[in-house]
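Enquirer: File name start18.pdb; file contents PDB, C-alpha atoms; full text below.
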ATOM      1  CA  MET A 241      -2.137  13.108 -12.016  1.00  0.00           C
ATOM      2  CA  ASN A 242       1.596  13.404 -11.504  1.00  0.00           C
ATOM      3  CA  ASP A 243       4.133  11.876 -13.858  1.00  0.00           C
ATOM      4  CA  LEU A 244       4.519   8.636 -11.879  1.00  0.00           C
ATOM      5  CA  GLU A 245       0.765   8.060 -11.803  1.00  0.00           C
ATOM      6  CA  ASN A 246       0.710   8.466 -15.559  1.00  0.00           C
ATOM      7  CA  GLN A 247       3.532   6.002 -16.173  1.00  0.00           C
ATOM      8  CA  LEU A 248       2.532   3.184 -13.843  1.00  0.00           C
ATOM      9  CA  PRO A 249      -0.400   1.785 -15.885  1.00  0.00           C
ATOM     10  CA  ARG A 250       1.833   1.272 -18.909  1.00  0.00           C
ATOM     11  CA  ILE A 251       4.604  -0.279 -16.822  1.00  0.00           C
ATOM     12  CA  PHE A 252       2.141  -2.613 -15.137  1.00  0.00           C
ATOM     13  CA  GLN A 253       0.539  -3.615 -18.421  1.00  0.00           C
ATOM     14  CA  ILE A 254       3.813  -4.619 -20.063  1.00  0.00           C
ATOM     15  CA  ASN A 255       5.001  -6.444 -16.929  1.00  0.00           C
ATOM     16  CA  LEU A 256       1.786  -8.450 -16.860  1.00  0.00           C
ATOM     17  CA  HIS A 257       2.046  -9.159 -20.580  1.00  0.00           C
ATOM     18  CA  ARG A 258       5.622 -10.431 -20.163  1.00  0.00           C
ATOM     19  CA  LEU A 259       4.560 -12.745 -17.350  1.00  0.00           C
ATOM     20  CA  TYR A 260       1.921 -14.282 -19.592  1.00  0.00           C
ATOM     21  CA  GLN A 261       4.015 -14.528 -22.772  1.00  0.00           C
ATOM     22  CA  ARG A 262       7.233 -15.776 -21.158  1.00  0.00           C
ATOM     23  CA  VAL A 263       5.976 -17.964 -18.331  1.00  0.00           C
ATOM     24  CA  ILE A 264       2.292 -18.833 -18.409  1.00  0.00           C
ATOM     25  CA  ALA A 265       1.656 -19.331 -22.136  1.00  0.00           C
ATOM     26  CA  PRO A 266       4.634 -21.698 -22.723  1.00  0.00           C
ATOM     27  CA  VAL A 267       3.686 -23.883 -19.761  1.00  0.00           C
ATOM     28  CA  LEU A 268       0.042 -24.141 -20.784  1.00  0.00           C
ATOM     29  CA  GLU A 269       1.092 -24.925 -24.346  1.00  0.00           C
ATOM     30  CA  ASN A 270       3.024 -27.914 -23.002  1.00  0.00           C
ATOM     31  CA  LEU A 271       0.100 -28.894 -20.763  1.00  0.00           C
ATOM     32  CA  PRO A 272      -2.758 -29.207 -23.255  1.00  0.00           C
ATOM     33  CA  GLU A 273      -6.350 -29.204 -22.111  1.00  0.00           C
ATOM     34  CA  PRO A 274      -7.258 -32.757 -21.086  1.00  0.00           C
ATOM     35  CA  THR A 275      -9.335 -34.765 -23.527  1.00  0.00           C
ATOM     36  CA  LEU A 276     -12.324 -36.678 -22.232  1.00  0.00           C
ATOM     37  CA  GLN A 277     -11.746 -40.353 -21.620  1.00  0.00           C
ATOM     38  CA  GLU A 278     -14.724 -42.634 -21.985  1.00  0.00           C
ATOM     39  CA  ILE A 279     -15.245 -44.541 -18.755  1.00  0.00           C
ATOM     40  CA  THR A 280     -15.576 -48.193 -19.687  1.00  0.00           C
ATOM     41  CA  ALA A 281     -14.431 -51.519 -18.323  1.00  0.00           C
ATOM     42  CA  SER A 282     -10.735 -52.103 -19.001  1.00  0.00           C
ATOM     43  CA  ASN A 283      -9.369 -55.483 -20.012  1.00  0.00           C
ATOM     44  CA  SER A 284      -5.654 -54.743 -20.218  1.00  0.00           C
ATOM     45  CA  MET A 285      -2.841 -53.362 -18.101  1.00  0.00           C
ATOM     46  CA  SER A 286      -1.947 -50.986 -20.954  1.00  0.00           C
ATOM     47  CA  GLU A 287      -5.394 -49.377 -20.912  1.00  0.00           C
ATOM     48  CA  ASN A 288      -5.276 -49.029 -17.134  1.00  0.00           C
ATOM     49  CA  LEU A 289      -1.884 -47.326 -17.325  1.00  0.00           C
ATOM     50  CA  ASP A 290      -3.101 -44.976 -20.071  1.00  0.00           C
ATOM     51  CA  ARG A 291      -6.057 -43.971 -17.935  1.00  0.00           C
ATOM     52  CA  ALA A 292      -3.856 -43.421 -14.912  1.00  0.00           C
ATOM     53  CA  ALA A 293      -1.590 -41.193 -17.014  1.00  0.00           C
ATOM     54  CA  ALA A 294      -4.621 -39.258 -18.276  1.00  0.00           C
ATOM     55  CA  GLN A 295      -5.787 -38.724 -14.701  1.00  0.00           C
ATOM     56  CA  VAL A 296      -2.405 -37.362 -13.667  1.00  0.00           C
ATOM     57  CA  ASP A 297      -2.186 -35.100 -16.732  1.00  0.00           C
ATOM     58  CA  ALA A 298      -5.669 -33.703 -16.148  1.00  0.00           C
ATOM     59  CA  HIS A 299      -5.013 -33.111 -12.456  1.00  0.00           C
ATOM     60  CA  THR A 300      -1.632 -31.490 -13.186  1.00  0.00           C
ATOM     61  CA  HIS A 301      -3.197 -29.192 -15.780  1.00  0.00           C
ATOM     62  CA  ASN A 302      -5.867 -28.091 -13.316  1.00  0.00           C
ATOM     63  CA  GLU A 303      -3.304 -27.479 -10.572  1.00  0.00           C
ATOM     64  CA  ALA A 304      -1.178 -25.445 -12.989  1.00  0.00           C
ATOM     65  CA  THR A 305      -4.080 -23.233 -14.080  1.00  0.00           C
ATOM     66  CA  LYS A 306      -5.060 -22.636 -10.450  1.00  0.00           C
ATOM     67  CA  ALA A 307      -1.465 -21.714  -9.618  1.00  0.00           C
ATOM     68  CA  PHE A 308      -1.346 -19.263 -12.519  1.00  0.00           C
ATOM     69  CA  VAL A 309      -4.569 -17.584 -11.393  1.00  0.00           C
ATOM     70  CA  LEU A 310      -3.044 -17.271  -7.935  1.00  0.00           C
ATOM     71  CA  ALA A 311       0.103 -15.687  -9.399  1.00  0.00           C
ATOM     72  CA  PHE A 312      -1.843 -13.335 -11.651  1.00  0.00           C
ATOM     73  CA  ALA A 313      -4.271 -12.234  -8.951  1.00  0.00           C
ATOM     74  CA  GLY A 314      -1.423 -11.554  -6.536  1.00  0.00           C
ATOM     75  CA  LEU A 315       0.461  -9.501  -9.115  1.00  0.00           C
ATOM     76  CA  PHE A 316      -2.562  -7.522 -10.289  1.00  0.00           C
ATOM     77  CA  GLU A 317      -3.749  -6.757  -6.763  1.00  0.00           C
ATOM     78  CA  ARG A 318      -0.279  -5.500  -5.786  1.00  0.00           C
ATOM     79  CA  GLN A 319      -0.170  -3.365  -8.934  1.00  0.00           C
ATOM     80  CA  LEU A 320      -3.612  -1.907  -8.249  1.00  0.00           C
ATOM     81  CA  ARG A 321      -2.809  -1.002  -4.655  1.00  0.00           C
ATOM     82  CA  HIS A 322       0.536   0.496  -5.715  1.00  0.00           C
ATOM     83  CA  TRP A 323      -1.166   2.698  -8.316  1.00  0.00           C
ATOM     84  CA  ALA A 324      -3.957   3.651  -5.913  1.00  0.00           C
ATOM     85  CA  LEU A 325      -1.440   4.957  -3.377  1.00  0.00           C
ATOM     86  CA  HIS A 326      -0.254   7.506  -5.937  1.00  0.00           C
ATOM     87  CA  LEU A 327      -3.674   8.054  -7.452  1.00  0.00           C
ATOM     88  CA  PHE A 328      -5.466   8.943  -4.217  1.00  0.00           C
ATOM     89  CA  SER A 329      -2.555   9.906  -1.913  1.00  0.00           C
ATOM     90  CA  PRO A 330      -4.539   8.861   1.159  1.00  0.00           C
ATOM     91  CA  PRO A 331      -3.485  10.288   4.533  1.00  0.00           C
ATOM     92  CA  ASN A 332      -3.611   6.742   5.896  1.00  0.00           C
ATOM     93  CA  PRO A 333      -2.043   4.328   3.362  1.00  0.00           C
ATOM     94  CA  ARG A 334      -3.555   1.357   5.207  1.00  0.00           C
ATOM     95  CA  THR A 335      -6.911   2.212   3.624  1.00  0.00           C
ATOM     96  CA  VAL A 336      -5.328   1.266   0.297  1.00  0.00           C
ATOM     97  CA  TYR A 337      -3.108  -1.573   1.522  1.00  0.00           C
ATOM     98  CA  GLU A 338      -5.856  -3.317   3.468  1.00  0.00           C
ATOM     99  CA  GLY A 339      -9.083  -2.137   1.841  1.00  0.00           C
ATOM    100  CA  ASP A 340     -11.551  -4.389   0.021  1.00  0.00           C
ATOM    101  CA  PHE A 341     -10.252  -5.265  -3.442  1.00  0.00           C
ATOM    102  CA  ALA A 342     -13.552  -4.869  -5.313  1.00  0.00           C
ATOM    103  CA  LYS A 343     -14.266  -1.479  -3.731  1.00  0.00           C
ATOM    104  CA  LEU A 344     -10.767  -0.252  -4.522  1.00  0.00           C
ATOM    105  CA  LEU A 345     -11.106  -1.512  -8.093  1.00  0.00           C
ATOM    106  CA  ASP A 346     -14.336   0.465  -8.458  1.00  0.00           C
ATOM    107  CA  ARG A 347     -12.658   3.626  -7.155  1.00  0.00           C
ATOM    108  CA  CYS A 348      -9.819   3.188  -9.635  1.00  0.00           C
ATOM    109  CA  LEU A 349     -12.195   2.557 -12.535  1.00  0.00           C
ATOM    110  CA  GLU A 350     -14.113   5.691 -11.631  1.00  0.00           C
ATOM    111  CA  ALA A 351     -10.944   7.760 -11.307  1.00  0.00           C
ATOM    112  CA  GLY A 352      -9.762   6.507 -14.690  1.00  0.00           C
ATOM    113  CA  GLU A 353     -13.192   7.140 -16.215  1.00  0.00           C
ATOM    114  CA  VAL A 354     -13.318   3.533 -17.407  1.00  0.00           C
ATOM    115  CA  ASP A 355     -16.475   1.473 -17.854  1.00  0.00           C
ATOM    116  CA  GLY A 356     -15.740  -1.700 -15.899  1.00  0.00           C
ATOM    117  CA  SER A 357     -18.654  -3.556 -17.474  1.00  0.00           C
ATOM    118  CA  ARG A 358     -17.162  -3.307 -20.963  1.00  0.00           C
ATOM    119  CA  ASP A 359     -15.790  -6.730 -21.943  1.00  0.00           C
ATOM    120  CA  ASP A 360     -16.568  -7.869 -18.371  1.00  0.00           C
ATOM    121  CA  VAL A 361     -13.264  -6.399 -17.178  1.00  0.00           C
ATOM    122  CA  ARG A 362     -14.463  -5.739 -13.624  1.00  0.00           C
ATOM    123  CA  LYS A 363     -16.328  -9.048 -13.376  1.00  0.00           C
ATOM    124  CA  ASP A 364     -13.328 -11.072 -14.527  1.00  0.00           C
ATOM    125  CA  LEU A 365     -10.859  -9.291 -12.240  1.00  0.00           C
ATOM    126  CA  VAL A 366     -13.054  -9.751  -9.172  1.00  0.00           C
ATOM    127  CA  GLU A 367     -13.627 -13.392 -10.111  1.00  0.00           C
ATOM    128  CA  ALA A 368      -9.885 -13.985 -10.506  1.00  0.00           C
ATOM    129  CA  VAL A 369      -9.192 -12.666  -7.002  1.00  0.00           C
ATOM    130  CA  LEU A 370     -11.960 -14.851  -5.569  1.00  0.00           C
ATOM    131  CA  VAL A 371     -10.552 -17.909  -7.353  1.00  0.00           C
ATOM    132  CA  ALA A 372      -7.105 -17.120  -5.969  1.00  0.00           C
ATOM    133  CA  ASN A 373      -8.497 -16.845  -2.441  1.00  0.00           C
ATOM    134  CA  VAL A 374     -10.262 -20.192  -2.774  1.00  0.00           C
ATOM    135  CA  VAL A 375      -7.101 -21.821  -4.130  1.00  0.00           C
ATOM    136  CA  ARG A 376      -5.108 -20.380  -1.240  1.00  0.00           C
ATOM    137  CA  HIS A 377      -7.507 -20.936   1.655  1.00  0.00           C
ATOM    138  CA  GLY A 378      -9.940 -23.670   0.607  1.00  0.00           C
ATOM    139  CA  ASP A 379     -13.586 -23.803   1.650  1.00  0.00           C
ATOM    140  CA  GLY A 380     -15.174 -20.812   3.367  1.00  0.00           C
ATOM    141  CA  ARG A 381     -17.165 -17.671   2.683  1.00  0.00           C
ATOM    142  CA  THR A 382     -15.175 -16.862  -0.437  1.00  0.00           C
ATOM    143  CA  SER A 383     -15.791 -20.315  -1.862  1.00  0.00           C
ATOM    144  CA  LYS A 384     -19.535 -19.907  -1.298  1.00  0.00           C
ATOM    145  CA  SER A 385     -19.511 -16.461  -2.932  1.00  0.00           C
ATOM    146  CA  LEU A 386     -17.584 -17.763  -5.923  1.00  0.00           C
ATOM    147  CA  ARG A 387     -19.984 -20.665  -6.419  1.00  0.00           C
ATOM    148  CA  THR A 388     -22.798 -18.108  -6.518  1.00  0.00           C
ATOM    149  CA  ILE A 389     -21.248 -15.833  -9.151  1.00  0.00           C
ATOM    150  CA  ALA A 390     -19.327 -18.440 -11.177  1.00  0.00           C
ATOM    151  CA  PRO A 391     -20.963 -21.864 -10.761  1.00  0.00           C
ATOM    152  CA  GLU A 392     -19.532 -22.924 -14.131  1.00  0.00           C
ATOM    153  CA  LEU A 393     -16.142 -23.359 -12.451  1.00  0.00           C
ATOM    154  CA  TRP A 394     -17.566 -26.453 -10.768  1.00  0.00           C
ATOM    155  CA  VAL A 395     -19.137 -27.910 -13.921  1.00  0.00           C
ATOM    156  CA  TYR A 396     -17.126 -30.667 -15.589  1.00  0.00           C
ATOM    157  CA  ASP A 397     -17.373 -34.227 -16.810  1.00  0.00           C
ATOM    158  CA  PRO A 398     -16.199 -36.886 -14.323  1.00  0.00           C
ATOM    159  CA  SER A 399     -13.817 -38.196 -16.982  1.00  0.00           C
ATOM    160  CA  GLU A 400     -11.860 -34.942 -16.760  1.00  0.00           C
ATOM    161  CA  TYR A 401     -10.467 -36.172 -13.428  1.00  0.00           C
ATOM    162  CA  VAL A 402     -10.328 -32.808 -11.724  1.00  0.00           C
ATOM    163  CA  ASP A 403     -10.244 -34.296  -8.250  1.00  0.00           C
ATOM    164  CA  ILE A 404      -8.221 -37.470  -7.725  1.00  0.00           C
ATOM    165  CA  ASN A 405      -7.822 -37.277  -3.957  1.00  0.00           C
ATOM    166  CA  ALA A 406      -8.698 -40.309  -1.873  1.00  0.00           C
ATOM    167  CA  GLY A 407     -12.182 -40.120  -0.386  1.00  0.00           C
ATOM    168  CA  PRO A 408     -14.603 -37.164  -0.394  1.00  0.00           C
ATOM    169  CA  SER A 409     -12.991 -33.787  -1.063  1.00  0.00           C
ATOM    170  CA  PRO A 410     -13.888 -30.208  -0.033  1.00  0.00           C
ATOM    171  CA  ASP A 411     -15.708 -28.120  -2.633  1.00  0.00           C
ATOM    172  CA  SER A 412     -12.584 -26.035  -3.143  1.00  0.00           C
ATOM    173  CA  GLU A 413     -10.673 -29.103  -4.348  1.00  0.00           C
ATOM    174  CA  GLN A 414     -13.215 -29.661  -7.089  1.00  0.00           C
ATOM    175  CA  ILE A 415     -12.930 -26.264  -8.742  1.00  0.00           C
ATOM    176  CA  ARG A 416     -12.116 -26.572 -12.453  1.00  0.00           C
ATOM    177  CA  VAL A 417     -10.009 -23.771 -13.963  1.00  0.00           C
ATOM    178  CA  ARG A 418      -9.561 -24.072 -17.704  1.00  0.00           C
ATOM    179  CA  THR A 419      -6.916 -22.497 -19.899  1.00  0.00           C
ATOM    180  CA  ARG A 420      -9.507 -20.090 -21.268  1.00  0.00           C
ATOM    181  CA  ASP A 421     -10.267 -18.898 -17.706  1.00  0.00           C
ATOM    182  CA  VAL A 422      -6.617 -18.032 -17.089  1.00  0.00           C
ATOM    183  CA  GLN A 423      -6.502 -16.188 -20.408  1.00  0.00           C
ATOM    184  CA  ARG A 424      -9.762 -14.382 -19.649  1.00  0.00           C
ATOM    185  CA  TYR A 425      -8.498 -13.095 -16.315  1.00  0.00           C
ATOM    186  CA  ILE A 426      -5.153 -11.944 -17.681  1.00  0.00           C
ATOM    187  CA  HIS A 427      -6.783 -10.282 -20.680  1.00  0.00           C
ATOM    188  CA  ALA A 428      -8.997  -8.348 -18.260  1.00  0.00           C
ATOM    189  CA  GLY A 429      -5.905  -7.142 -16.410  1.00  0.00           C
ATOM    190  CA  LEU A 430      -4.217  -6.053 -19.627  1.00  0.00           C
ATOM    191  CA  ARG A 431      -7.351  -4.240 -20.752  1.00  0.00           C
ATOM    192  CA  PHE A 432      -7.699  -2.513 -17.395  1.00  0.00           C
ATOM    193  CA  TRP A 433      -4.199  -1.061 -17.471  1.00  0.00           C
ATOM    194  CA  GLY A 434      -4.526  -0.066 -21.112  1.00  0.00           C
ATOM    195  CA  ARG A 435      -7.802   1.722 -20.514  1.00  0.00           C
ATOM    196  CA  VAL A 436      -6.679   3.686 -17.450  1.00  0.00           C
ATOM    197  CA  ASP A 437      -3.420   4.622 -19.208  1.00  0.00           C
ATOM    198  CA  PRO A 438      -3.622   8.413 -19.849  1.00  0.00           C
ATOM    199  CA  LEU A 439      -0.512   8.615 -22.035  1.00  0.00           C
ATOM    200  CA  PRO A 440      -0.574   8.835 -25.842  1.00  0.00           C
ATOM    201  CA  MET A 441      -0.784   5.537 -27.788  1.00  0.00           C
ATOM    202  CA  ALA A 442      -2.215   3.559 -24.885  1.00  0.00           C
ATOM    203  CA  VAL A 443      -2.963  -0.061 -25.837  1.00  0.00           C
ATOM    204  CA  THR A 444      -6.602  -0.318 -24.808  1.00  0.00           C
ATOM    205  CA  GLU A 445      -7.191  -3.622 -26.616  1.00  0.00           C
ATOM    206  CA  PRO A 446      -3.912  -5.500 -26.157  1.00  0.00           C
ATOM    207  CA  PRO A 447      -3.023  -8.372 -28.499  1.00  0.00           C
ATOM    208  CA  PHE A 448      -3.276 -11.717 -26.784  1.00  0.00           C
TER
END
Starting from the coordinates I provided, produce the structure as structure tokens.
Expert:
Amino acid sequence: MNDLENQLPRIFQINLHRLYQRVIAPVLENLPEPTLQEITASNSMSENLDRAAAQVDAHTHNEATKAFVLAFAGLFERQLRHWALHLFSPPNPRTVYEGDFAKLLDRCLEAGEVDGSRDDVRKDLVEAVLVANVVRHGDGRTSKSLRTIAPELWVYDPSEYVDINAGPSPDSEQIRVRTRDVQRYIHAGLRFWGRVDPLPMAVTEPPF
């Protein structure tokens, strides 16, 4: 590896960590995970208003977590393709710019001699990119693939009010991304960059 290839993993890791600590974590702290509301008959305007507020809070939290996965996945994928350009120096850069994310991730893990199955790093990174694609594009092949590998993202109690659109909604509108999912994806990204970092004192298990 040349000097730039050696430095990029550490730069990318700290940039990703800053994004989480300075932007994502404070917002999620002010948008706590929704608490379940028992669905019963209401006899007062006050109770109806409280439930309406809970619906909005739950929906806003879910939209925020989806947006953060979209931001993280976009950043990590750009970082990975940037590093891969220097790592592999392909004669045709389009093979890196436009190639399949999961296949490129596997090539990078192999080049860095990193076990992608450890701590589910590979699984979580691929899942994050699929979630981001579903959030961006809605129903389609990616949505079907994601439901196959991560059906738990569609499991929730009706009182969590994930989907408050009028009438029936597409499957992609009913995806439920929790705070712990956002943290899991970002932690996988931080671990990836720490573990492919060849420089001394690499942070292979970053604090979170």
Enquirer: Within 7 Å of segment 402-425 of chain A, which residues of segment 267-328 of chain A come that close, and what is the closest atom pair and distance in Å for each? Count only C-alpha atoms and give it as a tab-separated table.
Expert:
residue	atom	partner	partner_atom	distance
A:Ala298	CA	A:Val402	CA	6.5
A:His299	CA	A:Val402	CA	5.4
A:Asn302	CA	A:Val417	CA	6.0
A:Thr305	CA	A:Val417	CA	6.0
A:Lys306	CA	A:Val417	CA	6.2
A:Val309	CA	A:Val422	CA	6.1
Enquirer: Could the residues in this selection be written to a file with C-alpha atoms, as a PDB file, in the coordinates of the input?
Expert:
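Once written, result_9.pdb looks like this:
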ATOM      1  CA  ALA A 298      -5.669 -33.703 -16.148  1.00  0.00           C
ATOM      2  CA  HIS A 299      -5.013 -33.111 -12.456  1.00  0.00           C
ATOM      3  CA  ASN A 302      -5.867 -28.091 -13.316  1.00  0.00           C
ATOM      4  CA  THR A 305      -4.080 -23.233 -14.080  1.00  0.00           C
ATOM      5  CA  LYS A 306      -5.060 -22.636 -10.450  1.00  0.00           C
ATOM      6  CA  VAL A 309      -4.569 -17.584 -11.393  1.00  0.00           C
TER       7      VAL A 309
END
Enquirer: Using only C-alpha atoms, which of A:Glu400, A:Asp340, A:Asp243, A:Glu287 sits nearest Glu317 of chain A?
Expert: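 Selected residue with least distance to Glu317 of chain A: A:Asp340.
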Enquirer: Kindly indicate which residue among A:Ala307, A:Ala351, A:Ile389, A:Ile251 lies nearest to Val267 of chain A, using all atoms listed in the file for the distances.
Expert: A:Ala307
Enquirer: Residues picked by the PyMOL selection byres ((chain A and resi 314) around 12) here, as an mmCIF file with C-alpha atoms, in the coordinates of the input?
Expert:
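Dumped to result-v3.cif:
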data_model
loop_
_atom_site.group_PDB
_atom_site.id
_atom_site.type_symbol
_atom_site.label_atom_id
_atom_site.label_comp_id
_atom_site.auth_asym_id
_atom_site.auth_seq_id
_atom_site.Cartn_x
_atom_site.Cartn_y
_atom_site.Cartn_z
ATOM 1 C CA LEU A 256 1.786 -8.450 -16.860
ATOM 2 C CA ALA A 307 -1.465 -21.714 -9.618
ATOM 3 C CA PHE A 308 -1.346 -19.263 -12.519
ATOM 4 C CA VAL A 309 -4.569 -17.584 -11.393
ATOM 5 C CA LEU A 310 -3.044 -17.271 -7.935
ATOM 6 C CA ALA A 311 0.103 -15.687 -9.399
ATOM 7 C CA PHE A 312 -1.843 -13.335 -11.651
ATOM 8 C CA ALA A 313 -4.271 -12.234 -8.951
ATOM 9 C CA LEU A 315 0.461 -9.501 -9.115
ATOM 10 C CA PHE A 316 -2.562 -7.522 -10.289
ATOM 11 C CA GLU A 317 -3.749 -6.757 -6.763
ATOM 12 C CA ARG A 318 -0.279 -5.500 -5.786
ATOM 13 C CA GLN A 319 -0.170 -3.365 -8.934
ATOM 14 C CA LEU A 320 -3.612 -1.907 -8.249
ATOM 15 C CA ARG A 321 -2.809 -1.002 -4.655
ATOM 16 C CA PHE A 341 -10.252 -5.265 -3.442
ATOM 17 C CA LEU A 365 -10.859 -9.291 -12.240
ATOM 18 C CA ALA A 368 -9.885 -13.985 -10.506
ATOM 19 C CA VAL A 369 -9.192 -12.666 -7.002
ATOM 20 C CA LEU A 370 -11.960 -14.851 -5.569
ATOM 21 C CA VAL A 371 -10.552 -17.909 -7.353
ATOM 22 C CA ALA A 372 -7.105 -17.120 -5.969
ATOM 23 C CA ASN A 373 -8.497 -16.845 -2.441
ATOM 24 C CA VAL A 375 -7.101 -21.821 -4.130
ATOM 25 C CA ARG A 376 -5.108 -20.380 -1.240
ATOM 26 C CA ILE A 426 -5.153 -11.944 -17.681
ATOM 27 C CA GLY A 429 -5.905 -7.142 -16.410
#
Enquirer: Mind giving me the straight-line distance from atom CA of Glu269 of chain A to atom CA of His301 of chain A in Å, one decimal?
Expert: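 So the answer is 10.5 Å.
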Enquirer: As an exercise, work out the distance from atom CA of Leu349 of chain A to atom CA of Leu327 of chain A in Å and give it to one decimal place.
Expert: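 A separation of 11.3 Å between them.
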Enquirer: Between atom CA of His257 of chain A and atom CA of Thr300 of chain A, what is the distance, to one decimal in Å?
Expert: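 One can read the atom CA of His257 of chain A to atom CA of Thr300 of chain A distance as 23.8 Å.
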Enquirer: Which one of A:Tyr401, A:Arg387, A:Glu273, A:Leu393 sits closest to Ala292 of chain A if you count all atoms listed in the file?
Expert: A:Tyr401
Enquirer: Expand the PyMOL selection byres ((chain A and resi 324) around 12) into the individual residues it matches in the shown file, reporting them as an NGL selection string.
Expert: :A and (241 or 244-246 or 248-249 or 317-323 or 325-330 or 333-339 or 341 or 343-352 or 436)
Enquirer: Looking at all atoms listed in the file, which of A:Leu259, A:Ala294, A:Val443, A:Ala342 is the one that sits closest to Pro274 of chain A?
Expert: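 That would be A:Ala294, the residue with the smallest distance to Pro274 of chain A.
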Enquirer: Starting from the displayed file, determine the output of the PyMOL selection byres ((chain A and resi 359) around 12) and express the residue list as a ChimeraX atom specification.
Expert: /A:354-358,360-365,424-425,427-432,435,444-445
Enquirer: Do a neighbour search on Ser385 of chain A at 10 Å with all atoms listed in the file, toss out local chain neighbours closer than 6 positions, and write the hits as an MDAnalysis selection string.
Expert: chainID A and resid 367 370 374 391
Enquirer: Atoms to include: C-alpha atoms. Write the selected residues as a PDB file, in the frame of the given file.
Expert:
ATOM      1  CA  GLU A 367     -13.627 -13.392 -10.111  1.00  0.00           C
ATOM      2  CA  LEU A 370     -11.960 -14.851  -5.569  1.00  0.00           C
ATOM      3  CA  VAL A 374     -10.262 -20.192  -2.774  1.00  0.00           C
ATOM      4  CA  PRO A 391     -20.963 -21.864 -10.761  1.00  0.00           C
TER       5      PRO A 391
END
Enquirer: Looking at all atoms listed in the file, which of A:Leu271, A:Ala304, A:Ala442, A:Ala293 is the one that sits closest to Ile254 of chain A?
Expert: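 For Ile254 of chain A, the nearest of the candidates is A:Ala442.
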Enquirer: So, with all atoms listed in the file as the atoms that count, which of A:Tyr260, A:Gln253, A:Leu386, A:Gly378 lies closest to Val366 of chain A?
Expert: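 Looking at the shortest contact to Val366 of chain A, the residue is A:Leu386.
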Enquirer: Take every atom of segment 384-392 of chain A listed in the file, fit an axis-aligned box around them, add 3 Å per side, and give the centre and edge lengths in Å to one decimal as lines of an AutoDock Vina configuration file.
Expert:
center_x = -20.2
center_y = -19.4
center_z = -7.7
size_x = 11.2
size_y = 13.1
size_z = 18.8
Enquirer: How would segment 292-296 of chain A read, as a PDB file, in the frame of the given file, once all heavy atoms are built in?
Expert:
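Generated file (out-v4.pdb):
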ATOM      1  N   ALA A 292      -4.540 -44.002 -16.063  1.00  0.00           N
ATOM      2  CA  ALA A 292      -3.856 -43.421 -14.912  1.00  0.00           C
ATOM      3  C   ALA A 292      -3.029 -42.208 -15.342  1.00  0.00           C
ATOM      4  O   ALA A 292      -3.001 -41.180 -14.653  1.00  0.00           O
ATOM      5  CB  ALA A 292      -2.962 -44.463 -14.254  1.00  0.00           C
ATOM      6  N   ALA A 293      -2.375 -42.316 -16.487  1.00  0.00           N
ATOM      7  CA  ALA A 293      -1.590 -41.193 -17.014  1.00  0.00           C
ATOM      8  C   ALA A 293      -2.496 -40.021 -17.354  1.00  0.00           C
ATOM      9  O   ALA A 293      -2.154 -38.859 -17.097  1.00  0.00           O
ATOM     10  CB  ALA A 293      -0.802 -41.632 -18.244  1.00  0.00           C
ATOM     11  N   ALA A 294      -3.675 -40.315 -17.924  1.00  0.00           N
ATOM     12  CA  ALA A 294      -4.621 -39.258 -18.276  1.00  0.00           C
ATOM     13  C   ALA A 294      -5.130 -38.548 -17.021  1.00  0.00           C
ATOM     14  O   ALA A 294      -5.299 -37.319 -17.005  1.00  0.00           O
ATOM     15  CB  ALA A 294      -5.789 -39.840 -19.067  1.00  0.00           C
ATOM     16  N   GLN A 295      -5.360 -39.318 -15.960  1.00  0.00           N
ATOM     17  CA  GLN A 295      -5.787 -38.724 -14.701  1.00  0.00           C
ATOM     18  C   GLN A 295      -4.732 -37.753 -14.180  1.00  0.00           C
ATOM     19  O   GLN A 295      -5.042 -36.628 -13.777  1.00  0.00           O
ATOM     20  CB  GLN A 295      -6.037 -39.819 -13.667  1.00  0.00           C
ATOM     21  CG  GLN A 295      -7.284 -40.642 -13.903  1.00  0.00           C
ATOM     22  CD  GLN A 295      -7.474 -41.678 -12.801  1.00  0.00           C
ATOM     23  OE1 GLN A 295      -6.727 -41.712 -11.829  1.00  0.00           O
ATOM     24  NE2 GLN A 295      -8.460 -42.537 -12.967  1.00  0.00           N
ATOM     25  N   VAL A 296      -3.493 -38.200 -14.175  1.00  0.00           N
ATOM     26  CA  VAL A 296      -2.405 -37.362 -13.667  1.00  0.00           C
ATOM     27  C   VAL A 296      -2.250 -36.106 -14.519  1.00  0.00           C
ATOM     28  O   VAL A 296      -2.077 -34.996 -13.998  1.00  0.00           O
ATOM     29  CB  VAL A 296      -1.088 -38.161 -13.626  1.00  0.00           C
ATOM     30  CG1 VAL A 296       0.084 -37.234 -13.302  1.00  0.00           C
ATOM     31  CG2 VAL A 296      -1.178 -39.278 -12.591  1.00  0.00           C
TER      32      VAL A 296
END
